[in-house]
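Below is one structure, written out as structure tokens, with a few remarks after it.
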Protein chains: 2
Amino acid sequence: MPRAIVLLSGGLDSATCLAIARRDGFEAHALSFDYGQRHRVELDVAARVAQALGAASHRVVAVDLRALGGSALTSDTIPVPKARSADEIGHGIPSTYVPARNTVFLAIAIGAAEVLEADVVYLGVNALDYSGYPDCRPEFLDAMREVALRGTKRGVEGHPFELRAPLLRASKAEIAAMAVAFGVPVAATLSCYDPLGTAAAPVHCGRCDACLLRKKGFAEAKLPDPTTYAA
Amino acid sequence: MPRAIVLLSGGLDSATCLAIARRDGFEAHALSFDYGQRHRVELDVAARVAQALGAASHRVVAVDLRALGGSALTSDTIPVPKARSADEIGHGIPSTYVPARNTVFLAIAIGAAEVLEADVVYLGVNALDYSGYPDCRPEFLDAMREVALRGTKRGVEGHPFELRAPLLRASKAEIAAMAVAFGVPVAATLSCYDPLGTAAAPVHCGRCDACLLRKKGFAEAKLPDPTTYAA
């Protein structure tokens, strides 16, 4: 069975991506990051989601992006924006942007793909209902494809691996529908940037950009949202 | 004074690169990585070199590439090749290649450049007297430039930073000459993959690829080599 690396945060998008990799016939190796994120509880969520969706393995790689700072997600002094309007979410780059986060994650995924001899790296970014992050755009992914081709042993030896972002042009409503259709344990996933509750049973805050986009997705898809929101 | 991020391993090349950044008029912020390398003693060396060359700061960011494995430099079970001929060193990708290491390092440097508002990232790779690593080649660097342009806030907002590899086309002999000319504390630098001695006074093994290239550089430049080699 061919192998794939799947970046897995434990959110709805990456969980759906893992389900797609499995549906596509891959032995899926999930990769998560302990990067100093305030919502570190997502690592427990990712472990449960990886198991539920039949991942062959789940690795957590530590990379200390908190040492760089500059983001609401890796700093205790920059607050996570709450209750922003759809218009606000759609414009500009918010303080939850972690500088070069997806570049770092994909770089490590490229290394993992080399070592595990995976043919594909799956990434759950989407460029439509997103939060304005530069590292979720098609041009960025194309540049990373070139990096994977030029900067790896497999690439220069003529066996490059593929970088797939199957949700890139999907809306949150479409992702919600796919998640349900592909058997993602939706209630077990965690999209929130600032969750409450415990690691065993985290609760979505309901007011950060990620929660608002998640709610909007299920509402627009006219699907029941099994998520517990605090607000 | 404009700011630059300088990737600093503590080896001859990156130390020379830091000296060049200083000569170019930059407030230089050195960046090293605790990545699970067997020659972790290089972090102490880097701290001393950063101070000697007047770096404005020196950050060590932890990223656990040992969790991926697949390299002699991040594994205790894969030996570092010793006493290879110049012909062997010049061909193929050796076991000291760490999958996607420079991709990961540059990704984190790009994040640091965002946060510190640096205009330039300096990297001491060279493609001539190198060990066959794919991530030391010009095509790879061009791909990373595209990533920095497309995947960052500064890039998409029209203020991209520059990625400079001033040693890319230099021979080790030229680098040795530059190091001496620019006041690099050569004896304090450490190129070795498998050093002996202590963190305060590491000793080059003298037989790994990095040591052999370093010796060759000083010999070809007809410069006295102040390095202590065990063999």
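Please note that chains go A, B, ... in the order of the structure tokens, that every chain numbers its residues from 1, and that ligands are numbered from 1 in the order shown.
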Just want the 12 Å neighbourhood of Gly151 of chain B, counted on only C-alpha atoms, with same-chain residues fewer than 2 positions away dropped. Output as JSON, numbers by chain.
{"A": [93, 97, 98, 99, 100, 101, 102, 103, 104, 106, 132, 133, 134, 135, 136, 137, 138, 139, 140, 141, 142, 143, 144], "B": [107, 110, 111, 114, 143, 144, 145, 146, 147, 148, 149, 153, 154, 155, 156, 157, 158, 160, 161]}
Which polymer residues have any atom within 9 Å of an atom of Thr74 of chain B, counting only C-alpha atoms, with same-chain residues fewer than 3 positions away left out, as a list in words?
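Those residues are Tyr35, Gly36, Gln37, Arg38, His39, Leu65, Arg66, Ala67, Leu68, Gly69, Gly70, Ser71, Ile78, Thr96 and Val98 of chain B.
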Could those selected residues go to a file with C-alpha atoms, as a JSON list (two decimals), in the first residue's frame?
[["chain", "number", "residue", "atom", "x", "y", "z"],
["B", 35, "TYR", "CA", 17.67, 19.65, 16.26],
["B", 36, "GLY", "CA", 18.84, 16.45, 17.92],
["B", 37, "GLN", "CA", 22.24, 16.59, 16.23],
["B", 38, "ARG", "CA", 24.94, 14.29, 17.58],
["B", 39, "HIS", "CA", 27.37, 17.24, 17.45],
["B", 65, "LEU", "CA", 14.53, 16.23, 13.68],
["B", 66, "ARG", "CA", 15.74, 13.17, 15.62],
["B", 67, "ALA", "CA", 12.06, 12.19, 15.78],
["B", 68, "LEU", "CA", 12.24, 11.69, 12.01],
["B", 69, "GLY", "CA", 15.65, 10.00, 11.92],
["B", 70, "GLY", "CA", 17.12, 8.85, 8.63],
["B", 71, "SER", "CA", 20.51, 10.52, 9.03],
["B", 78, "ILE", "CA", 23.95, 5.24, 11.68],
["B", 96, "THR", "CA", 25.05, 12.68, 6.89],
["B", 98, "VAL", "CA", 19.51, 15.21, 7.24]]
Pick out each residue of segment 1-227 of chain B that DSSP on the backbone tags as strand (DSSP E or B); I need them as a ChimeraX atom specification.
/B:3-7,27-34,57-63,82,120-122,162-164,196-197,202-204,208
Tell me, as a ChimeraX atom specification, which residues lie within 12 Å of segment 178-182 of chain A, counting only C-alpha atoms; anything in the same chain fewer than 5 positions away does not count.
/A:11-24,53,124,166-167,170-173,187-189,214,217-218,221-226
Taking the chain letters and numbering used in this document, name the residues of segment 137-183 of chain A that DSSP puts in helix (DSSP H, G or I), as a list in words.
Pro138, Glu139, Phe140, Leu141, Asp142, Ala143, Met144, Arg145, Glu146, Val147, Ala148, Leu149, Arg150, Lys153, Arg154, Gly155, Val156, Lys172, Ala173, Glu174, Ile175, Ala176, Ala177, Met178, Ala179, Val180 and Ala181 of chain A
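With only C-alpha atoms as the basis for measurement, B:Gly92 is the residue among B:Gly25, B:Pro81, B:Gly92, B:Gly54 that approaches chain A most closely.
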Between B:Ala86, B:Ala199, B:Leu128, B:Val184, which residue has the minimum interatomic distance to Lys216 of chain B, considering only C-alpha atoms?
B:Ala86
With only C-alpha atoms as the basis for distance, which of B:Val115, B:Ile5, B:Val120, B:Cys211 is at the shortest distance from chain A?
B:Val115
Counting only C-alpha atoms, the option among B:Arg164, B:His29, B:His58, B:Arg207 closest to Leu123 of chain B:
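Smallest separation from Leu123 of chain B among the options: B:Arg164.
Atom pair atom CA of Tyr122 of chain A / atom CA of Ile108 of chain A has a distance of 12.7 Å (rounded to one decimal).
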For a quick check of understanding, using only C-alpha atoms, which of B:Asn126, B:Ser75, B:Thr227, B:Ser32 has the smallest distance to Leu190 of chain B?
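Comparing B:Asn126, B:Ser75, B:Thr227, B:Ser32 against Leu190 of chain B, the winner is B:Thr227.
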Between atom CA of Ala56 of chain B and atom CA of Phe26 of chain B, what distance in Å does the model show, to one decimal?
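About the pair atom CA of Ala56 of chain B and atom CA of Phe26 of chain B: they are 9.5 Å apart.
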Which of these, A:Ala230, A:Cys208, A:Val63, A:Leu213, has the shortest distance to chain B once you count only C-alpha atoms?
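Among the listed residues, the smallest separation from chain B belongs to A:Val63.
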